>>> print(open('start05.tsv').read())   # TSV, C-alpha atoms
chain	number	residue	atom	x	y	z
A	1	MET	CA	-11.89	-34.53	-11.01
A	2	ALA	CA	-14.09	-31.98	-12.68
A	3	ASP	CA	-11.19	-30.57	-14.65
A	4	GLU	CA	-10.23	-33.98	-15.86
A	5	ALA	CA	-13.72	-34.54	-17.11
A	6	LEU	CA	-13.80	-31.20	-18.89
A	7	PHE	CA	-10.65	-32.00	-20.84
A	8	GLN	CA	-11.80	-35.50	-21.59
A	9	PHE	CA	-15.23	-34.46	-22.85
A	10	LEU	CA	-13.82	-31.62	-24.91
A	11	HIS	CA	-11.23	-33.98	-26.38
A	12	ASN	CA	-14.00	-36.39	-27.36
A	13	GLU	CA	-15.99	-33.64	-29.02
A	14	LEU	CA	-12.93	-32.57	-30.94
A	15	ILE	CA	-12.35	-36.10	-32.27
A	16	GLN	CA	-15.98	-36.49	-33.20
A	17	TYR	CA	-16.06	-33.14	-34.94
A	18	VAL	CA	-12.90	-33.76	-36.92
A	19	TYR	CA	-14.13	-37.15	-38.07
A	20	LYS	CA	-17.60	-35.88	-38.86
A	21	SER	CA	-16.42	-32.95	-40.91
A	22	ALA	CA	-14.06	-35.38	-42.65
A	23	GLU	CA	-16.98	-37.55	-43.70
A	24	GLN	CA	-18.63	-34.62	-45.39
A	25	GLY	CA	-15.51	-33.58	-47.21
A	26	GLU	CA	-14.41	-37.16	-47.90
A	27	MET	CA	-11.17	-36.68	-46.02
A	28	GLU	CA	-9.41	-39.93	-45.24
A	29	ASN	CA	-8.56	-41.24	-41.78
A	30	GLY	CA	-4.90	-40.31	-42.06
A	31	ARG	CA	-5.67	-36.63	-42.52
A	32	CYS	CA	-7.93	-36.60	-39.46
A	33	ILE	CA	-5.09	-38.00	-37.41
A	34	THR	CA	-2.80	-35.31	-38.79
A	35	LYS	CA	-5.28	-32.59	-37.96
A	36	LEU	CA	-5.68	-33.82	-34.39
A	37	GLU	CA	-1.91	-34.13	-34.10
A	38	ASN	CA	-1.43	-30.56	-35.30
A	39	MET	CA	-3.94	-29.21	-32.83
A	40	GLY	CA	-2.16	-31.07	-30.08
A	41	PHE	CA	1.14	-29.62	-31.24
A	42	ARG	CA	-0.06	-26.03	-30.88
A	43	VAL	CA	-1.66	-26.71	-27.52
A	44	GLY	CA	1.54	-28.40	-26.34
A	45	GLN	CA	3.61	-25.42	-27.41
A	46	GLY	CA	1.39	-23.09	-25.44
A	47	LEU	CA	1.22	-25.32	-22.38
A	48	ILE	CA	4.94	-25.86	-22.03
A	49	GLU	CA	5.51	-22.12	-21.95
A	50	ARG	CA	3.21	-21.81	-18.97
A	51	PHE	CA	4.56	-24.90	-17.26
A	52	THR	CA	8.22	-23.98	-17.50
A	53	LYS	CA	7.84	-20.30	-16.72
A	54	ASP	CA	9.41	-20.69	-13.29
A	55	THR	CA	11.42	-23.85	-13.85
A	56	PRO	CA	15.22	-23.75	-13.78
A	57	ARG	CA	16.95	-24.48	-17.09
A	58	PHE	CA	17.12	-28.15	-18.00
A	59	LYS	CA	20.49	-29.90	-17.68
A	60	ASP	CA	20.16	-32.11	-20.73
A	61	GLU	CA	17.71	-34.00	-22.87
A	62	LEU	CA	17.12	-36.70	-20.29
A	63	ASP	CA	16.23	-33.97	-17.83
A	64	VAL	CA	13.67	-32.65	-20.30
A	65	MET	CA	12.18	-36.11	-20.75
A	66	LYS	CA	11.91	-36.58	-16.99
A	67	PHE	CA	10.05	-33.29	-16.80
A	68	ILE	CA	7.64	-34.52	-19.47
A	69	CYS	CA	7.13	-37.82	-17.63
A	70	LYS	CA	6.48	-36.21	-14.27
A	71	ASP	CA	5.30	-32.61	-14.28
A	72	PHE	CA	3.83	-32.34	-17.75
A	73	TRP	CA	2.06	-35.68	-17.66
A	74	THR	CA	0.69	-35.08	-14.18
A	75	SER	CA	-0.67	-31.68	-15.13
A	76	VAL	CA	-2.47	-32.95	-18.16
A	77	PHE	CA	-3.32	-36.55	-17.28
A	78	LYS	CA	-3.28	-36.49	-13.47
A	79	LYS	CA	-0.73	-39.27	-13.21
A	80	GLN	CA	2.94	-39.82	-13.96
A	81	ILE	CA	4.37	-41.94	-16.73
A	82	ASP	CA	4.91	-45.41	-15.27
A	83	ASN	CA	8.13	-46.25	-17.01
A	84	LEU	CA	10.81	-44.40	-18.98
A	85	ARG	CA	13.40	-46.25	-21.04
A	86	THR	CA	16.10	-44.80	-23.28
A	87	ASN	CA	19.03	-45.97	-25.37
A	88	HIS	CA	20.83	-42.72	-24.45
A	89	GLN	CA	21.10	-41.93	-28.14
A	90	GLY	CA	17.94	-40.01	-28.71
A	91	ILE	CA	15.30	-42.70	-28.42
A	92	TYR	CA	12.94	-42.65	-25.46
A	93	VAL	CA	10.06	-44.98	-24.68
A	94	LEU	CA	7.47	-43.82	-22.18
A	95	GLN	CA	4.95	-46.25	-20.83
A	96	ASP	CA	1.62	-45.27	-19.34
A	97	ASN	CA	-0.15	-48.33	-17.96
A	98	LYS	CA	-3.46	-46.56	-17.69
A	99	PHE	CA	-3.64	-43.78	-20.23
A	100	ARG	CA	-6.49	-41.52	-19.25
A	101	LEU	CA	-7.92	-40.85	-22.67
A	102	LEU	CA	-8.22	-44.59	-23.27
A	103	THR	CA	-9.79	-45.58	-19.97
A	104	GLN	CA	-13.21	-44.67	-21.24
A	105	LEU	CA	-12.98	-47.29	-23.97
A	106	SER	CA	-13.68	-50.93	-23.27
A	107	ALA	CA	-10.47	-52.75	-22.36
A	108	GLY	CA	-10.99	-55.62	-24.80
A	109	LYS	CA	-9.57	-55.94	-28.27
A	110	GLN	CA	-12.85	-54.80	-29.75
A	111	TYR	CA	-12.00	-51.11	-29.91
A	112	LEU	CA	-8.28	-51.44	-30.46
A	113	GLU	CA	-8.63	-50.14	-34.00
A	114	HIS	CA	-10.13	-46.92	-32.66
A	115	ALA	CA	-7.20	-46.24	-30.35
A	116	PRO	CA	-5.15	-44.12	-32.81
A	117	LYS	CA	-7.69	-41.31	-32.87
A	118	TYR	CA	-7.52	-41.09	-29.08
A	119	LEU	CA	-3.74	-40.88	-29.18
A	120	ALA	CA	-3.12	-38.43	-32.03
A	121	PHE	CA	-3.82	-35.27	-30.06
A	122	THR	CA	-1.51	-36.37	-27.27
A	123	CYS	CA	1.27	-37.29	-29.70
A	124	GLY	CA	1.10	-33.73	-30.96
A	125	LEU	CA	0.80	-32.33	-27.46
A	126	VAL	CA	4.08	-33.83	-26.36
A	127	ARG	CA	5.81	-33.16	-29.66
A	128	GLY	CA	4.80	-29.50	-29.38
A	129	GLY	CA	5.99	-29.31	-25.81
A	130	LEU	CA	9.33	-30.93	-26.62
A	131	SER	CA	9.72	-28.74	-29.67
A	132	ASN	CA	9.49	-25.60	-27.58
A	133	LEU	CA	12.10	-27.03	-25.25
A	134	GLY	CA	14.45	-27.42	-28.17
A	135	VAL	CA	13.97	-31.13	-28.79
A	136	LYS	CA	12.65	-31.76	-32.30
A	137	SER	CA	11.31	-35.28	-32.35
A	138	ILE	CA	9.02	-37.78	-33.95
A	139	VAL	CA	6.43	-39.12	-31.55
A	140	THR	CA	4.49	-42.31	-32.10
A	141	ALA	CA	2.14	-44.23	-29.86
A	142	GLU	CA	1.34	-47.89	-29.64
A	143	VAL	CA	-1.33	-49.78	-27.77
A	144	SER	CA	-1.21	-53.52	-27.34
A	145	VAL	CA	-3.53	-53.95	-24.38
A	146	MET	CA	-5.97	-51.19	-23.47
A	147	PRO	CA	-5.69	-48.85	-21.65
A	148	ALA	CA	-1.89	-49.19	-21.54
A	149	CYS	CA	0.03	-47.14	-24.05
A	150	GLU	CA	3.65	-46.85	-25.09
A	151	TRP	CA	4.99	-43.61	-26.51
A	152	SER	CA	8.18	-43.58	-28.53
A	153	PHE	CA	10.24	-40.45	-29.06
A	154	VAL	CA	12.95	-40.32	-31.65
A	155	ARG	CA	15.08	-37.20	-31.66
A	156	MET	CA	15.63	-35.75	-35.09
A	157	GLN	CA	19.37	-35.17	-35.14
A	158	GLY	CA	19.59	-32.91	-38.13
A	159	LEU	CA	17.13	-30.35	-36.88
A	160	VAL	CA	18.41	-29.67	-33.41
B	1	MET	CA	-3.17	-22.82	-13.63
B	2	ALA	CA	-2.02	-25.53	-15.96
B	3	ASP	CA	-5.49	-27.01	-16.21
B	4	GLU	CA	-6.97	-23.66	-17.00
B	5	ALA	CA	-4.50	-23.21	-19.80
B	6	LEU	CA	-5.24	-26.65	-21.22
B	7	PHE	CA	-8.95	-25.93	-21.45
B	8	GLN	CA	-8.35	-22.48	-22.86
B	9	PHE	CA	-5.93	-23.63	-25.55
B	10	LEU	CA	-8.11	-26.57	-26.51
B	11	HIS	CA	-11.12	-24.26	-26.69
B	12	ASN	CA	-9.20	-21.95	-29.01
B	13	GLU	CA	-8.20	-24.81	-31.27
B	14	LEU	CA	-11.80	-25.94	-31.41
B	15	ILE	CA	-12.99	-22.49	-32.50
B	16	GLN	CA	-10.27	-22.19	-35.09
B	17	TYR	CA	-10.97	-25.64	-36.46
B	18	VAL	CA	-14.70	-25.09	-36.72
B	19	TYR	CA	-14.22	-21.78	-38.50
B	20	LYS	CA	-11.52	-23.15	-40.77
B	21	SER	CA	-13.51	-26.17	-41.86
B	22	ALA	CA	-16.44	-23.81	-42.38
B	23	GLU	CA	-14.43	-21.73	-44.82
B	24	GLN	CA	-13.72	-24.75	-46.93
B	25	GLY	CA	-17.32	-25.86	-46.99
B	26	GLU	CA	-18.65	-22.32	-47.25
B	27	MET	CA	-20.61	-22.63	-44.05
B	28	GLU	CA	-21.82	-19.33	-42.69
B	29	ASN	CA	-20.93	-17.83	-39.33
B	30	GLY	CA	-24.27	-18.72	-37.75
B	31	ARG	CA	-23.75	-22.41	-38.33
B	32	CYS	CA	-20.32	-22.31	-36.74
B	33	ILE	CA	-21.85	-20.76	-33.65
B	34	THR	CA	-24.49	-23.50	-33.61
B	35	LYS	CA	-21.86	-26.19	-33.91
B	36	LEU	CA	-19.83	-24.79	-31.04
B	37	GLU	CA	-22.99	-24.39	-29.00
B	38	ASN	CA	-23.96	-28.02	-29.63
B	39	MET	CA	-20.55	-29.27	-28.60
B	40	GLY	CA	-20.82	-27.23	-25.43
B	41	PHE	CA	-24.25	-28.69	-24.79
B	42	ARG	CA	-22.98	-32.27	-24.85
B	43	VAL	CA	-19.96	-31.44	-22.71
B	44	GLY	CA	-22.24	-29.64	-20.24
B	45	GLN	CA	-24.52	-32.65	-20.02
B	46	GLY	CA	-21.59	-34.88	-19.22
B	47	LEU	CA	-20.01	-32.51	-16.74
B	48	ILE	CA	-23.11	-31.88	-14.69
B	49	GLU	CA	-23.52	-35.61	-14.15
B	50	ARG	CA	-20.07	-35.78	-12.61
B	51	PHE	CA	-20.48	-32.57	-10.64
B	52	THR	CA	-23.80	-33.46	-9.05
B	53	LYS	CA	-23.02	-37.10	-8.33
B	54	ASP	CA	-22.77	-36.49	-4.60
B	55	THR	CA	-24.85	-33.32	-4.31
B	56	PRO	CA	-28.13	-33.36	-2.41
B	57	ARG	CA	-31.26	-32.79	-4.52
B	58	PHE	CA	-31.90	-29.17	-5.45
B	59	LYS	CA	-34.72	-27.35	-3.64
B	60	ASP	CA	-35.91	-25.32	-6.60
B	61	GLU	CA	-34.83	-23.60	-9.77
B	62	LEU	CA	-33.10	-20.75	-7.94
B	63	ASP	CA	-31.10	-23.36	-6.07
B	64	VAL	CA	-30.03	-24.87	-9.38
B	65	MET	CA	-28.98	-21.47	-10.68
B	66	LYS	CA	-26.94	-20.79	-7.54
B	67	PHE	CA	-25.17	-24.09	-8.07
B	68	ILE	CA	-24.35	-23.04	-11.65
B	69	CYS	CA	-23.06	-19.66	-10.46
B	70	LYS	CA	-20.87	-21.09	-7.74
B	71	ASP	CA	-19.78	-24.69	-8.12
B	72	PHE	CA	-20.17	-25.19	-11.83
B	73	TRP	CA	-18.61	-21.86	-12.81
B	74	THR	CA	-15.74	-22.31	-10.36
B	75	SER	CA	-14.96	-25.78	-11.65
B	76	VAL	CA	-14.86	-24.71	-15.25
B	77	PHE	CA	-13.73	-21.09	-15.09
B	78	LYS	CA	-11.93	-20.94	-11.72
B	79	LYS	CA	-14.08	-18.10	-10.42
B	80	GLN	CA	-17.66	-17.53	-9.36
B	81	ILE	CA	-20.26	-15.54	-11.22
B	82	ASP	CA	-20.10	-11.99	-9.86
B	83	ASN	CA	-23.77	-11.19	-9.90
B	84	LEU	CA	-27.04	-13.11	-10.24
B	85	ARG	CA	-30.33	-11.33	-10.89
B	86	THR	CA	-33.74	-12.87	-11.48
B	87	ASN	CA	-37.34	-11.77	-11.99
B	88	HIS	CA	-38.43	-14.94	-10.14
B	89	GLN	CA	-40.42	-15.92	-13.20
B	90	GLY	CA	-37.90	-17.92	-15.11
B	91	ILE	CA	-35.48	-15.26	-16.27
B	92	TYR	CA	-31.98	-15.19	-14.81
B	93	VAL	CA	-29.13	-12.86	-15.63
B	94	LEU	CA	-25.62	-13.92	-14.62
B	95	GLN	CA	-22.81	-11.45	-14.77
B	96	ASP	CA	-19.15	-12.39	-15.00
B	97	ASN	CA	-16.97	-9.29	-14.82
B	98	LYS	CA	-13.93	-11.11	-16.07
B	99	PHE	CA	-14.95	-14.01	-18.22
B	100	ARG	CA	-11.96	-16.26	-18.59
B	101	LEU	CA	-12.35	-17.14	-22.24
B	102	LEU	CA	-12.42	-13.44	-23.12
B	103	THR	CA	-9.46	-12.30	-21.03
B	104	GLN	CA	-7.05	-13.34	-23.77
B	105	LEU	CA	-8.61	-10.86	-26.18
B	106	SER	CA	-7.71	-7.21	-26.10
B	107	ALA	CA	-10.10	-5.29	-23.88
B	108	GLY	CA	-10.85	-2.56	-26.41
B	109	LYS	CA	-13.77	-2.40	-28.80
B	110	GLN	CA	-11.58	-3.69	-31.58
B	111	TYR	CA	-12.36	-7.36	-31.11
B	112	LEU	CA	-15.89	-7.01	-29.83
B	113	GLU	CA	-17.26	-8.50	-33.02
B	114	HIS	CA	-15.27	-11.68	-32.39
B	115	ALA	CA	-16.72	-12.18	-28.92
B	116	PRO	CA	-19.66	-14.41	-29.98
B	117	LYS	CA	-17.44	-17.25	-31.09
B	118	TYR	CA	-15.77	-17.26	-27.69
B	119	LEU	CA	-19.13	-17.42	-25.95
B	120	ALA	CA	-20.99	-20.00	-28.01
B	121	PHE	CA	-19.40	-23.07	-26.45
B	122	THR	CA	-20.11	-21.78	-22.94
B	123	CYS	CA	-23.73	-20.95	-23.80
B	124	GLY	CA	-24.12	-24.57	-24.80
B	125	LEU	CA	-22.16	-25.79	-21.80
B	126	VAL	CA	-24.54	-24.17	-19.34
B	127	ARG	CA	-27.63	-25.01	-21.38
B	128	GLY	CA	-26.55	-28.66	-21.40
B	129	GLY	CA	-25.89	-28.63	-17.68
B	130	LEU	CA	-29.23	-27.01	-16.89
B	131	SER	CA	-31.00	-29.34	-19.25
B	132	ASN	CA	-29.76	-32.39	-17.36
B	133	LEU	CA	-30.95	-30.79	-14.14
B	134	GLY	CA	-34.43	-30.51	-15.62
B	135	VAL	CA	-34.35	-26.85	-16.59
B	136	LYS	CA	-34.87	-26.43	-20.33
B	137	SER	CA	-33.77	-22.95	-21.22
B	138	ILE	CA	-32.57	-20.56	-23.85
B	139	VAL	CA	-29.16	-19.14	-23.06
B	140	THR	CA	-27.76	-16.01	-24.66
B	141	ALA	CA	-24.65	-14.02	-23.91
B	142	GLU	CA	-23.89	-10.36	-24.31
B	143	VAL	CA	-20.67	-8.41	-24.05
B	144	SER	CA	-20.63	-4.64	-23.82
B	145	VAL	CA	-17.17	-4.10	-22.36
B	146	MET	CA	-14.56	-6.83	-22.58
B	147	PRO	CA	-13.90	-9.07	-20.72
B	148	ALA	CA	-17.19	-8.66	-18.83
B	149	CYS	CA	-20.05	-10.81	-20.01
B	150	GLU	CA	-23.72	-11.13	-19.16
B	151	TRP	CA	-25.53	-14.42	-19.57
B	152	SER	CA	-29.30	-14.50	-19.83
B	153	PHE	CA	-31.31	-17.61	-19.13
B	154	VAL	CA	-34.93	-17.85	-20.09
B	155	ARG	CA	-36.77	-20.93	-18.91
B	156	MET	CA	-38.88	-22.54	-21.60
B	157	GLN	CA	-42.18	-23.04	-19.84
B	158	GLY	CA	-43.79	-25.43	-22.24
B	159	LEU	CA	-41.00	-27.94	-22.22
B	160	VAL	CA	-40.45	-28.43	-18.50
>>> encode(input="start05.tsv", output="structure tokens")
Amino acid sequence: MADEALFQFLHNELIQYVYKSAEQGEMENGRCITKLENMGFRVGQGLIERFTKDTPRFKDELDVMKFICKDFWTSVFKKQIDNLRTNHQGIYVLQDNKFRLLTQLSAGKQYLEHAPKYLAFTCGLVRGGLSNLGVKSIVTAEVSVMPACEWSFVRMQGLV
Amino acid sequence: MADEALFQFLHNELIQYVYKSAEQGEMENGRCITKLENMGFRVGQGLIERFTKDTPRFKDELDVMKFICKDFWTSVFKKQIDNLRTNHQGIYVLQDNKFRLLTQLSAGKQYLEHAPKYLAFTCGLVRGGLSNLGVKSIVTAEVSVMPACEWSFVRMQGLV
């Protein structure tokens, strides 16, 4: 529980710092999101190397996604992804009904507009992880009812 | 191990981001250290509330310091402080022979000058934790041989 809190608090500080330093330099919201996403990407790259050090080679892309849903998600967020859907053509939708970095926000619609800044780092985190496993993708996140979150992964065909 | 890595990578990103945004705004090194220290302070305040939720009340200041050396340090850095010395008048020196956030740096003298930025957050972390336990203090860190680190705590008499 302590570890969870450490990550969560540090993540909050990071968001606050990025947005605060943006205010001073008149950086717009979009660039803050990009910065958080990039940081997540690098952390994800590093993490996946540690995580998969002793894992057997993945069979296919679906196998990789299952690893992300189970092992990766559990390590970082202390729970598994609740639902994984795919069209078997490179699009995956992962649903987390209680995304940890959103649980601290009020569940109403009031703070819905603030959700993207709490998702950007994680988008990057997973994109970085996938990237190091050979799956170049675009990752987006959507929240309709807090703290549930849906992550969409679209494989970028040309780059693989 | 995965949790450790997450904290470590995130901590690195934080340092890099603070120093990078400082370059753009021409902020000097000292202010970066202060920023990292302040972030640590707030995280420490939050953490100690979680950690001590079910802990019996502390007997005295030494008891608080022992808690920091054992439970707090283990939760955050996965090992205990190796040595605690005190003059019983408000000065405490904690020695960590293998400080986790320094182990990634080369052990030679080459990177000794970079050590302070890897210590600032933790200085704040412990100062924040102590502060919420009623011990206002000044925390400094010193490295003579990497990755060993000595933390000095001086209680601020007037403020308690």
>>> residues_around(input="start05.tsv", residues="Gln24 (chain B)", least_positions_apart="3", cutoff="12 Å", atoms="all atoms listed in the file", output="PyMOL selection string")
(chain A and resi 21-22+24-25) or (chain B and resi 17-21+27-28)
>>> calpha_fit_and_write(input="start05.tsv", fixed="chain A", moving="chain B", output="CSV table (one decimal) with C-alpha atoms, keeping the file's coordinate frame")
chain,number,residue,atom,x,y,z
B,1,MET,CA,-11.9,-34.6,-11.0
B,2,ALA,CA,-14.1,-32.0,-12.7
B,3,ASP,CA,-11.2,-30.6,-14.6
B,4,GLU,CA,-10.2,-34.0,-15.9
B,5,ALA,CA,-13.7,-34.6,-17.1
B,6,LEU,CA,-13.8,-31.2,-18.9
B,7,PHE,CA,-10.6,-32.0,-20.8
B,8,GLN,CA,-11.8,-35.5,-21.6
B,9,PHE,CA,-15.2,-34.5,-22.9
B,10,LEU,CA,-13.8,-31.6,-24.9
B,11,HIS,CA,-11.2,-34.0,-26.4
B,12,ASN,CA,-14.0,-36.4,-27.4
B,13,GLU,CA,-16.0,-33.6,-29.0
B,14,LEU,CA,-12.9,-32.6,-30.9
B,15,ILE,CA,-12.3,-36.1,-32.3
B,16,GLN,CA,-16.0,-36.5,-33.2
B,17,TYR,CA,-16.1,-33.1,-34.9
B,18,VAL,CA,-12.9,-33.8,-36.9
B,19,TYR,CA,-14.1,-37.2,-38.1
B,20,LYS,CA,-17.6,-35.9,-38.8
B,21,SER,CA,-16.4,-32.9,-40.9
B,22,ALA,CA,-14.1,-35.4,-42.6
B,23,GLU,CA,-17.0,-37.6,-43.7
B,24,GLN,CA,-18.6,-34.6,-45.4
B,25,GLY,CA,-15.5,-33.6,-47.2
B,26,GLU,CA,-14.4,-37.2,-47.9
B,27,MET,CA,-11.2,-36.7,-46.0
B,28,GLU,CA,-9.4,-39.9,-45.2
B,29,ASN,CA,-8.6,-41.2,-41.8
B,30,GLY,CA,-4.9,-40.3,-42.1
B,31,ARG,CA,-5.7,-36.6,-42.5
B,32,CYS,CA,-7.9,-36.6,-39.5
B,33,ILE,CA,-5.1,-38.0,-37.4
B,34,THR,CA,-2.8,-35.3,-38.8
B,35,LYS,CA,-5.3,-32.6,-37.9
B,36,LEU,CA,-5.7,-33.8,-34.4
B,37,GLU,CA,-1.9,-34.1,-34.1
B,38,ASN,CA,-1.4,-30.6,-35.3
B,39,MET,CA,-3.9,-29.2,-32.8
B,40,GLY,CA,-2.1,-31.1,-30.1
B,41,PHE,CA,1.1,-29.6,-31.2
B,42,ARG,CA,-0.1,-26.0,-30.9
B,43,VAL,CA,-1.7,-26.7,-27.5
B,44,GLY,CA,1.5,-28.4,-26.3
B,45,GLN,CA,3.6,-25.4,-27.4
B,46,GLY,CA,1.4,-23.1,-25.4
B,47,LEU,CA,1.2,-25.3,-22.4
B,48,ILE,CA,4.9,-25.9,-22.0
B,49,GLU,CA,5.5,-22.1,-22.0
B,50,ARG,CA,3.2,-21.8,-19.0
B,51,PHE,CA,4.6,-24.9,-17.3
B,52,THR,CA,8.2,-24.0,-17.5
B,53,LYS,CA,7.8,-20.3,-16.7
B,54,ASP,CA,9.4,-20.7,-13.3
B,55,THR,CA,11.4,-23.9,-13.8
B,56,PRO,CA,15.2,-23.8,-13.8
B,57,ARG,CA,16.9,-24.5,-17.1
B,58,PHE,CA,17.1,-28.2,-18.0
B,59,LYS,CA,20.5,-29.9,-17.7
B,60,ASP,CA,20.1,-32.1,-20.7
B,61,GLU,CA,17.7,-34.0,-22.9
B,62,LEU,CA,17.1,-36.7,-20.3
B,63,ASP,CA,16.2,-34.0,-17.8
B,64,VAL,CA,13.7,-32.6,-20.3
B,65,MET,CA,12.2,-36.1,-20.8
B,66,LYS,CA,11.9,-36.6,-17.0
B,67,PHE,CA,10.0,-33.3,-16.8
B,68,ILE,CA,7.6,-34.5,-19.5
B,69,CYS,CA,7.1,-37.8,-17.6
B,70,LYS,CA,6.5,-36.2,-14.3
B,71,ASP,CA,5.3,-32.6,-14.3
B,72,PHE,CA,3.8,-32.3,-17.7
B,73,TRP,CA,2.0,-35.7,-17.7
B,74,THR,CA,0.7,-35.1,-14.2
B,75,SER,CA,-0.7,-31.7,-15.1
B,76,VAL,CA,-2.5,-32.9,-18.2
B,77,PHE,CA,-3.3,-36.5,-17.3
B,78,LYS,CA,-3.3,-36.5,-13.5
B,79,LYS,CA,-0.7,-39.3,-13.2
B,80,GLN,CA,2.9,-39.8,-14.0
B,81,ILE,CA,4.3,-41.9,-16.7
B,82,ASP,CA,4.9,-45.4,-15.3
B,83,ASN,CA,8.1,-46.3,-17.0
B,84,LEU,CA,10.8,-44.4,-19.0
B,85,ARG,CA,13.4,-46.3,-21.0
B,86,THR,CA,16.1,-44.8,-23.3
B,87,ASN,CA,19.0,-46.0,-25.4
B,88,HIS,CA,20.8,-42.7,-24.4
B,89,GLN,CA,21.1,-41.9,-28.1
B,90,GLY,CA,17.9,-40.0,-28.7
B,91,ILE,CA,15.3,-42.7,-28.4
B,92,TYR,CA,12.9,-42.6,-25.5
B,93,VAL,CA,10.1,-45.0,-24.7
B,94,LEU,CA,7.5,-43.8,-22.2
B,95,GLN,CA,5.0,-46.3,-20.8
B,96,ASP,CA,1.6,-45.3,-19.3
B,97,ASN,CA,-0.2,-48.3,-18.0
B,98,LYS,CA,-3.5,-46.6,-17.7
B,99,PHE,CA,-3.6,-43.8,-20.2
B,100,ARG,CA,-6.5,-41.5,-19.2
B,101,LEU,CA,-7.9,-40.9,-22.7
B,102,LEU,CA,-8.2,-44.6,-23.3
B,103,THR,CA,-9.8,-45.6,-20.0
B,104,GLN,CA,-13.2,-44.7,-21.3
B,105,LEU,CA,-13.0,-47.3,-24.0
B,106,SER,CA,-13.7,-50.9,-23.3
B,107,ALA,CA,-10.5,-52.7,-22.4
B,108,GLY,CA,-11.0,-55.6,-24.8
B,109,LYS,CA,-9.6,-56.0,-28.3
B,110,GLN,CA,-12.8,-54.8,-29.7
B,111,TYR,CA,-12.0,-51.1,-29.9
B,112,LEU,CA,-8.3,-51.4,-30.5
B,113,GLU,CA,-8.6,-50.1,-34.0
B,114,HIS,CA,-10.1,-46.9,-32.7
B,115,ALA,CA,-7.2,-46.2,-30.3
B,116,PRO,CA,-5.1,-44.1,-32.8
B,117,LYS,CA,-7.7,-41.3,-32.9
B,118,TYR,CA,-7.5,-41.1,-29.1
B,119,LEU,CA,-3.7,-40.9,-29.2
B,120,ALA,CA,-3.1,-38.4,-32.0
B,121,PHE,CA,-3.8,-35.3,-30.1
B,122,THR,CA,-1.5,-36.4,-27.3
B,123,CYS,CA,1.3,-37.3,-29.7
B,124,GLY,CA,1.1,-33.7,-31.0
B,125,LEU,CA,0.8,-32.3,-27.5
B,126,VAL,CA,4.1,-33.8,-26.4
B,127,ARG,CA,5.8,-33.1,-29.7
B,128,GLY,CA,4.8,-29.5,-29.4
B,129,GLY,CA,6.0,-29.3,-25.8
B,130,LEU,CA,9.3,-30.9,-26.6
B,131,SER,CA,9.7,-28.7,-29.7
B,132,ASN,CA,9.5,-25.6,-27.6
B,133,LEU,CA,12.1,-27.0,-25.2
B,134,GLY,CA,14.4,-27.4,-28.2
B,135,VAL,CA,14.0,-31.1,-28.8
B,136,LYS,CA,12.6,-31.8,-32.3
B,137,SER,CA,11.3,-35.3,-32.4
B,138,ILE,CA,9.0,-37.8,-34.0
B,139,VAL,CA,6.4,-39.1,-31.6
B,140,THR,CA,4.5,-42.3,-32.1
B,141,ALA,CA,2.1,-44.2,-29.9
B,142,GLU,CA,1.3,-47.9,-29.6
B,143,VAL,CA,-1.3,-49.8,-27.8
B,144,SER,CA,-1.2,-53.5,-27.3
B,145,VAL,CA,-3.5,-53.9,-24.4
B,146,MET,CA,-6.0,-51.2,-23.5
B,147,PRO,CA,-5.7,-48.8,-21.6
B,148,ALA,CA,-1.9,-49.2,-21.5
B,149,CYS,CA,0.0,-47.1,-24.1
B,150,GLU,CA,3.7,-46.8,-25.1
B,151,TRP,CA,5.0,-43.6,-26.5
B,152,SER,CA,8.2,-43.6,-28.5
B,153,PHE,CA,10.2,-40.5,-29.1
B,154,VAL,CA,12.9,-40.3,-31.6
B,155,ARG,CA,15.1,-37.2,-31.7
B,156,MET,CA,15.6,-35.8,-35.1
B,157,GLN,CA,19.3,-35.2,-35.2
B,158,GLY,CA,19.6,-33.0,-38.2
B,159,LEU,CA,17.1,-30.4,-37.0
B,160,VAL,CA,18.4,-29.7,-33.5
>>> interface_residues(input="start05.tsv", of="chain A", to="chain B", cutoff="12 Å", atoms="all atoms listed in the file", output="PyMOL selection string")
chain A and resi 1-22+24-27+32+35-53+71-78+121-122+125
>>> atom_distance(input="start05.tsv", atom1="CA of Arg57 (chain A)", atom2="CA of Leu133 (chain A)")
9.8 Å
>>> atom_distance(input="start05.tsv", atom1="CA of Val154 (chain A)", atom2="CA of Met65 (chain A)")
11.7 Å
>>> axis_aligned_box(input="start05.tsv", around="region 133-143 of chain B", padding_each_side="3 Å", output="lines of an AutoDock Vina configuration file")
center_x = -27.8
center_y = -19.6
center_z = -19.4
size_x = 20.2
size_y = 28.4
size_z = 16.5
>>> atom_distance(input="start05.tsv", atom1="CA of Ile138 (chain A)", atom2="CA of Ile91 (chain A)")
9.7 Å
>>> residues_around(input="start05.tsv", residues="Ser152 (chain B)", least_positions_apart="3", cutoff="12 Å", atoms="only C-alpha atoms", output="JSON, numbers by chain")
{"B": [65, 83, 84, 85, 86, 87, 90, 91, 92, 93, 94, 95, 96, 123, 126, 127, 137, 138, 139, 140, 141, 142, 143, 149, 155]}
>>> closest_residue(input="start05.tsv", among="B:Ser131, B:Ser106, B:Pro56, B:Arg100", to="Leu119 (chain B)", atoms="all atoms listed in the file")
B:Arg100
>>> closest_residue(input="start05.tsv", among="A:Leu130, A:Ile81, A:Met146, A:Cys69", to="Pro116 (chain A)", atoms="all atoms listed in the file")
A:Met146
>>> closest_residue(input="start05.tsv", among="A:Ala148, A:Leu62, A:Met156, A:Val135", to="Asp82 (chain A)", atoms="all atoms listed in the file")
A:Ala148
